[in-house]
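Colleague: Please find one structure pasted underneath; my questions will follow.
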Amino acid sequence: MSDEQKTVNAEATQDVQNVLAELKGDGEAPANGTEKKEEQAPTEDAEEARIVAAAAKLGEESAEATEKKENKTQERDSRKNNNRGRNDRFNNRRNNAKFDPSSQQITDDPVEIRKQVEFYFSDSNLPMDKFLLGKVGGSSNHAVPLELLHSFKRMRRFQPFSAIVEALKTSETLELTDKDTAVRRKTPLPESVKDSHDPSVVKVFEDKAMDRSIYVKGFGEEGPTTQLEIESFFAPYGPTNAIRLRRAHDKTFKGSVFVEFENEDKQRAFLALDPKPQWKGQDLLIKSKKEYCEEKVRDIEAGRIKPSNGRGRGRGGFRGGRGRGRGGGGDDKRDWRERRSEDQKKGFGERKEVQKDSRGVPVIQSTSTESGQKRGREEESANGDHPAKKVDAKE
């Protein structure tokens with residue numbers, strides 16, 4: 001090969017190296033291959049380290065994102081399980097109430113119709129009935145559509161619909177409105193009764209009914225017609241204003257009832273019966289409701305049972321006991337006996353003159369401390385005596 005050809009080849013080789021250097025992003029082309037190798041070695045190591053570090057960071061971010069996603073999935077699944085558990089518990093509570101009003105015969109009896117509807121709007125039911133109280137608006141005394149009432153399970157047996165209208169035309173406590181399509185009380189609830197459920201107001205109504213009420217235990221397990229059978233059992237000793245089946249928190253019937261008679265004479269007459277009436281050949285435990293409640297108070301004071309923590313259900317609670325957490329009770333750390341003693345010194349339980357509002361209707365007042373705070377209610381105690389359920393319910 002000639003010297004000239006060697007020179008051309010060397011120049012061509014240099015050009016190729018320069019182009020490769022530009023493509024790789026290097027600066028100026030190296031003078032020769034040795035210089036390029038020495039200069040590139042540290043640059044490639046740094047770049048490789050940078051890539052490895054970036055890849056590691058991406059991996060960490062990906063792992064963190066995956067973990068967050070898994071945590072969210074677990075939280076969502078946990079909420080679903082909790083909701084499913086609550087729904088199951090709710091369904092279990094509903095299933096434990098075995099009353100089936102469909103077993104009643106269809107009738108157009110005006111006496112039966114008036115009795116049922118008048119009960120819904122009575123002092124013995126309306127202040128405790130959250131749904132109907134909201135429709136009535138408390139003391140506002142709004143009329144309730146008859147079609148709504150007819151949808152109640154206890155009302156469906158009254159047929160035809162026109163029989164309900166005719167029966168209520170002669171009611172002494174109710175009046176038809178809106179061209180005989182709705183009904184309301186002739187005498188509104190006291191002004192102190194609002195459209196929302198208030199346990200302190202409920203307690204006042206219940207206390208007023210205390211002296212005409214009894215406690216009876218021994219009715220055994222509940223069947224689809226137990227409610228109706230208990231109503232029939234007390235019918236000869238009535239009239240009664242309300243018969244409440246007492247239930248545990250899971251809606252299981254406890255085998256006992258509270259019965260509110262029309263007056264104190266009827267209550268005393270039933271307590272004086274000798275021999276005592278039996279339920280299907282079995283003896284019953286019978287006492288006044290006041291006696292029953294006072295026994296619960298003594299059991300609590302003696303430490304035999306503990307005061308319930310209460311559930312705020314506001315219906316059928318421990319009507320004879322000392323209030324849980326007087327004056328609101330939430331921030332008061334004193335022993336309940338100390339609070340009770342102080343309340344007694346302040347005159348708790350003393351009878352006061354009945355006050356009337358501008359319409360002449362007696363004012364329902366909740367007992368309160370001197371600071372004006374409402375007294376809490378103590379639910380039926382921890383031995384399983386939980387709130388009662390009315391017989392004349394819309395179920």
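Chain labels follow the order of the structure tokens: the first chain is A, the next B, and so on; residue numbering restarts at 1 in every chain, and ligands are counted from 1 in their shown order.
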Set the distance at 12 Å and use only C-alpha atoms: which residues neighbour A:Asp265 once local chain neighbours fewer than 2 positions away are removed? I'd like the list as a list in words.

Modeller: Asp211, Arg212, Ser213, Tyr237, Gly238, Pro239, Thr240, Glu260, Phe261, Glu262, Asn263, Gln267, Arg268, Ala269, Phe270, Leu271 and Ala272 of chain A

Colleague: Would you export the selected residues with N, CA, C and O atoms as a PDB file, in the first residue's frame, please?

Modeller:
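In the end it all went to part.pdb:
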```
ATOM      1  N   ASP A 211     -99.155   5.201  87.452  1.00  0.00           N
ATOM      2  CA  ASP A 211    -100.074   4.697  88.476  1.00  0.00           C
ATOM      3  C   ASP A 211    -101.212   3.864  87.895  1.00  0.00           C
ATOM      4  O   ASP A 211    -101.959   3.236  88.660  1.00  0.00           O
ATOM      5  N   ARG A 212    -101.378   3.855  86.593  1.00  0.00           N
ATOM      6  CA  ARG A 212    -102.427   3.018  86.000  1.00  0.00           C
ATOM      7  C   ARG A 212    -101.817   1.879  85.165  1.00  0.00           C
ATOM      8  O   ARG A 212    -102.513   1.265  84.348  1.00  0.00           O
ATOM      9  N   SER A 213    -100.532   1.608  85.394  1.00  0.00           N
ATOM     10  CA  SER A 213     -99.825   0.598  84.595  1.00  0.00           C
ATOM     11  C   SER A 213     -99.342  -0.556  85.465  1.00  0.00           C
ATOM     12  O   SER A 213     -99.103  -0.403  86.670  1.00  0.00           O
ATOM     13  N   TYR A 237    -110.315  -7.349  81.225  1.00  0.00           N
ATOM     14  CA  TYR A 237    -109.969  -6.552  82.400  1.00  0.00           C
ATOM     15  C   TYR A 237    -109.802  -5.076  82.056  1.00  0.00           C
ATOM     16  O   TYR A 237    -109.448  -4.282  82.922  1.00  0.00           O
ATOM     17  N   GLY A 238    -110.053  -4.713  80.815  1.00  0.00           N
ATOM     18  CA  GLY A 238    -109.834  -3.363  80.327  1.00  0.00           C
ATOM     19  C   GLY A 238    -110.997  -2.436  80.620  1.00  0.00           C
ATOM     20  O   GLY A 238    -111.814  -2.720  81.492  1.00  0.00           O
ATOM     21  N   PRO A 239    -111.059  -1.329  79.871  1.00  0.00           N
ATOM     22  CA  PRO A 239    -110.244  -0.998  78.700  1.00  0.00           C
ATOM     23  C   PRO A 239    -108.780  -0.692  79.054  1.00  0.00           C
ATOM     24  O   PRO A 239    -108.478  -0.282  80.175  1.00  0.00           O
ATOM     25  N   THR A 240    -107.919  -0.873  78.052  1.00  0.00           N
ATOM     26  CA  THR A 240    -106.502  -0.541  78.186  1.00  0.00           C
ATOM     27  C   THR A 240    -106.125   0.523  77.169  1.00  0.00           C
ATOM     28  O   THR A 240    -106.685   0.571  76.067  1.00  0.00           O
ATOM     29  N   GLU A 260    -100.940  -0.533  80.206  1.00  0.00           N
ATOM     30  CA  GLU A 260    -101.483   0.726  80.714  1.00  0.00           C
ATOM     31  C   GLU A 260    -103.004   0.666  80.620  1.00  0.00           C
ATOM     32  O   GLU A 260    -103.571   0.605  79.527  1.00  0.00           O
ATOM     33  N   PHE A 261    -103.664   0.650  81.780  1.00  0.00           N
ATOM     34  CA  PHE A 261    -105.128   0.617  81.803  1.00  0.00           C
ATOM     35  C   PHE A 261    -105.692   2.023  81.567  1.00  0.00           C
ATOM     36  O   PHE A 261    -104.975   3.023  81.626  1.00  0.00           O
ATOM     37  N   GLU A 262    -106.993   2.066  81.356  1.00  0.00           N
ATOM     38  CA  GLU A 262    -107.638   3.354  81.091  1.00  0.00           C
ATOM     39  C   GLU A 262    -107.585   4.271  82.310  1.00  0.00           C
ATOM     40  O   GLU A 262    -107.477   5.495  82.184  1.00  0.00           O
ATOM     41  N   ASN A 263    -107.628   3.691  83.498  1.00  0.00           N
ATOM     42  CA  ASN A 263    -107.595   4.502  84.720  1.00  0.00           C
ATOM     43  C   ASN A 263    -107.004   3.672  85.860  1.00  0.00           C
ATOM     44  O   ASN A 263    -106.779   2.463  85.727  1.00  0.00           O
ATOM     45  N   GLN A 267    -106.560  -0.592  87.018  1.00  0.00           N
ATOM     46  CA  GLN A 267    -105.259  -1.166  87.376  1.00  0.00           C
ATOM     47  C   GLN A 267    -105.311  -1.838  88.739  1.00  0.00           C
ATOM     48  O   GLN A 267    -104.848  -2.968  88.916  1.00  0.00           O
ATOM     49  N   ARG A 268    -105.918  -1.160  89.716  1.00  0.00           N
ATOM     50  CA  ARG A 268    -105.998  -1.723  91.063  1.00  0.00           C
ATOM     51  C   ARG A 268    -106.883  -2.969  91.085  1.00  0.00           C
ATOM     52  O   ARG A 268    -106.598  -3.935  91.803  1.00  0.00           O
ATOM     53  N   ALA A 269    -107.930  -2.944  90.271  1.00  0.00           N
ATOM     54  CA  ALA A 269    -108.824  -4.103  90.222  1.00  0.00           C
ATOM     55  C   ALA A 269    -108.104  -5.333  89.669  1.00  0.00           C
ATOM     56  O   ALA A 269    -108.286  -6.452  90.165  1.00  0.00           O
ATOM     57  N   PHE A 270    -107.249  -5.130  88.673  1.00  0.00           N
ATOM     58  CA  PHE A 270    -106.511  -6.262  88.117  1.00  0.00           C
ATOM     59  C   PHE A 270    -105.502  -6.791  89.134  1.00  0.00           C
ATOM     60  O   PHE A 270    -105.347  -8.010  89.292  1.00  0.00           O
ATOM     61  N   LEU A 271    -104.807  -5.898  89.835  1.00  0.00           N
ATOM     62  CA  LEU A 271    -103.825  -6.332  90.827  1.00  0.00           C
ATOM     63  C   LEU A 271    -104.488  -7.060  91.992  1.00  0.00           C
ATOM     64  O   LEU A 271    -103.857  -7.897  92.653  1.00  0.00           O
ATOM     65  N   ALA A 272    -105.760  -6.757  92.248  1.00  0.00           N
ATOM     66  CA  ALA A 272    -106.464  -7.360  93.387  1.00  0.00           C
ATOM     67  C   ALA A 272    -107.118  -8.693  93.038  1.00  0.00           C
ATOM     68  O   ALA A 272    -107.702  -9.338  93.928  1.00  0.00           O
TER      69      ALA A 272
END
```

Colleague: Quick one: of A:Lys306, A:Lys276, A:Lys169, A:His249, who's nearest to A:Val216, counting only C-alpha atoms?

Modeller: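 Of the candidates, the smallest distance to A:Val216 is held by A:Lys276.
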
Colleague: Set the distance at 10 Å and use only C-alpha atoms: which residues neighbour A:Pro188 once local chain neighbours fewer than 5 positions away are removed? I'd like the list as a list in words.

Modeller: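 Final neighbour list, sorted by chain and number: Phe121, Val136, Gly138, Ser139, Ser140, Asn141, His142, Val193, Arg359 and Val361 of chain A.
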
Colleague: Store the residues of this selection in a file with C-alpha atoms, as a PDB file, in the first residue's frame.

Modeller:
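As written to disk, part-v4.pdb reads:
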```
ATOM      1  CA  PHE A 121    -102.907   9.617  67.949  1.00  0.00           C
ATOM      2  CA  VAL A 136     -98.152  15.382  63.006  1.00  0.00           C
ATOM      3  CA  GLY A 138     -95.781  17.740  67.462  1.00  0.00           C
ATOM      4  CA  SER A 139     -98.023  20.466  68.820  1.00  0.00           C
ATOM      5  CA  SER A 140     -98.520  21.831  65.271  1.00  0.00           C
ATOM      6  CA  ASN A 141    -101.139  19.102  64.884  1.00  0.00           C
ATOM      7  CA  HIS A 142    -100.840  18.537  61.141  1.00  0.00           C
ATOM      8  CA  VAL A 193     -93.998  18.709  72.310  1.00  0.00           C
ATOM      9  CA  ARG A 359    -104.760  27.295  74.399  1.00  0.00           C
ATOM     10  CA  VAL A 361    -103.592  22.701  77.131  1.00  0.00           C
TER      11      VAL A 361
END
```

Colleague: Grab the atom CA of A:Ser78 to atom CA of A:Ala65 distance for me, in Å with one decimal place.

Modeller: 19.7 Å

Colleague: Identify, with DSSP run on backbone atoms, the residues in stretch 93-190 of chain A assigned to strand (DSSP E or B), and express the list as an MDAnalysis selection string.

Modeller: chainID A and resid 107 144:145 158 174:177 182:185

Colleague: Taking 5 positions as the minimum chain separation for residues in the same chain, which residues sit within 8 Å of A:Phe99 when counting only C-alpha atoms? Answer as an MDAnalysis selection string.

Modeller: chainID A and resid 222:227 395

Colleague: For the residues in that selection, give me N, CA and C atoms as an mmCIF file, in the first residue's frame.

Modeller:
```cif
data_model
loop_
_atom_site.group_PDB
_atom_site.id
_atom_site.type_symbol
_atom_site.label_atom_id
_atom_site.label_comp_id
_atom_site.auth_asym_id
_atom_site.auth_seq_id
_atom_site.Cartn_x
_atom_site.Cartn_y
_atom_site.Cartn_z
ATOM 1 N N GLU A 222 -92.307 -16.025 71.762
ATOM 2 C CA GLU A 222 -93.239 -15.353 70.867
ATOM 3 C C GLU A 222 -93.515 -16.175 69.611
ATOM 4 N N GLY A 223 -94.767 -16.137 69.189
ATOM 5 C CA GLY A 223 -95.165 -16.706 67.914
ATOM 6 C C GLY A 223 -95.821 -15.630 67.075
ATOM 7 N N PRO A 224 -96.229 -15.940 65.853
ATOM 8 C CA PRO A 224 -96.818 -14.930 64.963
ATOM 9 C C PRO A 224 -98.055 -14.253 65.525
ATOM 10 N N THR A 225 -98.798 -14.938 66.411
ATOM 11 C CA THR A 225 -100.047 -14.376 66.936
ATOM 12 C C THR A 225 -99.974 -14.030 68.425
ATOM 13 N N THR A 226 -98.786 -14.089 69.019
ATOM 14 C CA THR A 226 -98.661 -13.838 70.464
ATOM 15 C C THR A 226 -99.184 -12.468 70.841
ATOM 16 N N GLN A 227 -98.864 -11.478 70.048
ATOM 17 C CA GLN A 227 -99.305 -10.119 70.327
ATOM 18 C C GLN A 227 -100.826 -10.050 70.417
ATOM 19 N N GLU A 395 -96.343 -2.401 62.797
ATOM 20 C CA GLU A 395 -95.726 -3.550 62.174
ATOM 21 C C GLU A 395 -96.790 -4.556 61.705
#
```

Colleague: Excluding A:Gln159 and residues on its chain fewer than 6 positions from it, collect all residues at most 7 Å away from it, counting only C-alpha atoms, and give them as a list in words.

Modeller: Ile106, Thr107 and Asp108 of chain A

Colleague: Restrict the selected residues to N, CA, C and O atoms and save them as a PDB file, in the first residue's frame.

Modeller:
```
ATOM      1  N   ILE A 106    -110.118  -9.749  57.846  1.00  0.00           N
ATOM      2  CA  ILE A 106    -110.550  -8.488  57.246  1.00  0.00           C
ATOM      3  C   ILE A 106    -111.905  -8.093  57.836  1.00  0.00           C
ATOM      4  O   ILE A 106    -112.797  -8.936  58.011  1.00  0.00           O
ATOM      5  N   THR A 107    -112.040  -6.819  58.159  1.00  0.00           N
ATOM      6  CA  THR A 107    -113.288  -6.354  58.784  1.00  0.00           C
ATOM      7  C   THR A 107    -113.543  -4.893  58.435  1.00  0.00           C
ATOM      8  O   THR A 107    -112.609  -4.145  58.097  1.00  0.00           O
ATOM      9  N   ASP A 108    -114.796  -4.486  58.549  1.00  0.00           N
ATOM     10  CA  ASP A 108    -115.174  -3.075  58.393  1.00  0.00           C
ATOM     11  C   ASP A 108    -115.792  -2.552  59.685  1.00  0.00           C
ATOM     12  O   ASP A 108    -116.474  -1.521  59.692  1.00  0.00           O
TER      13      ASP A 108
END
```
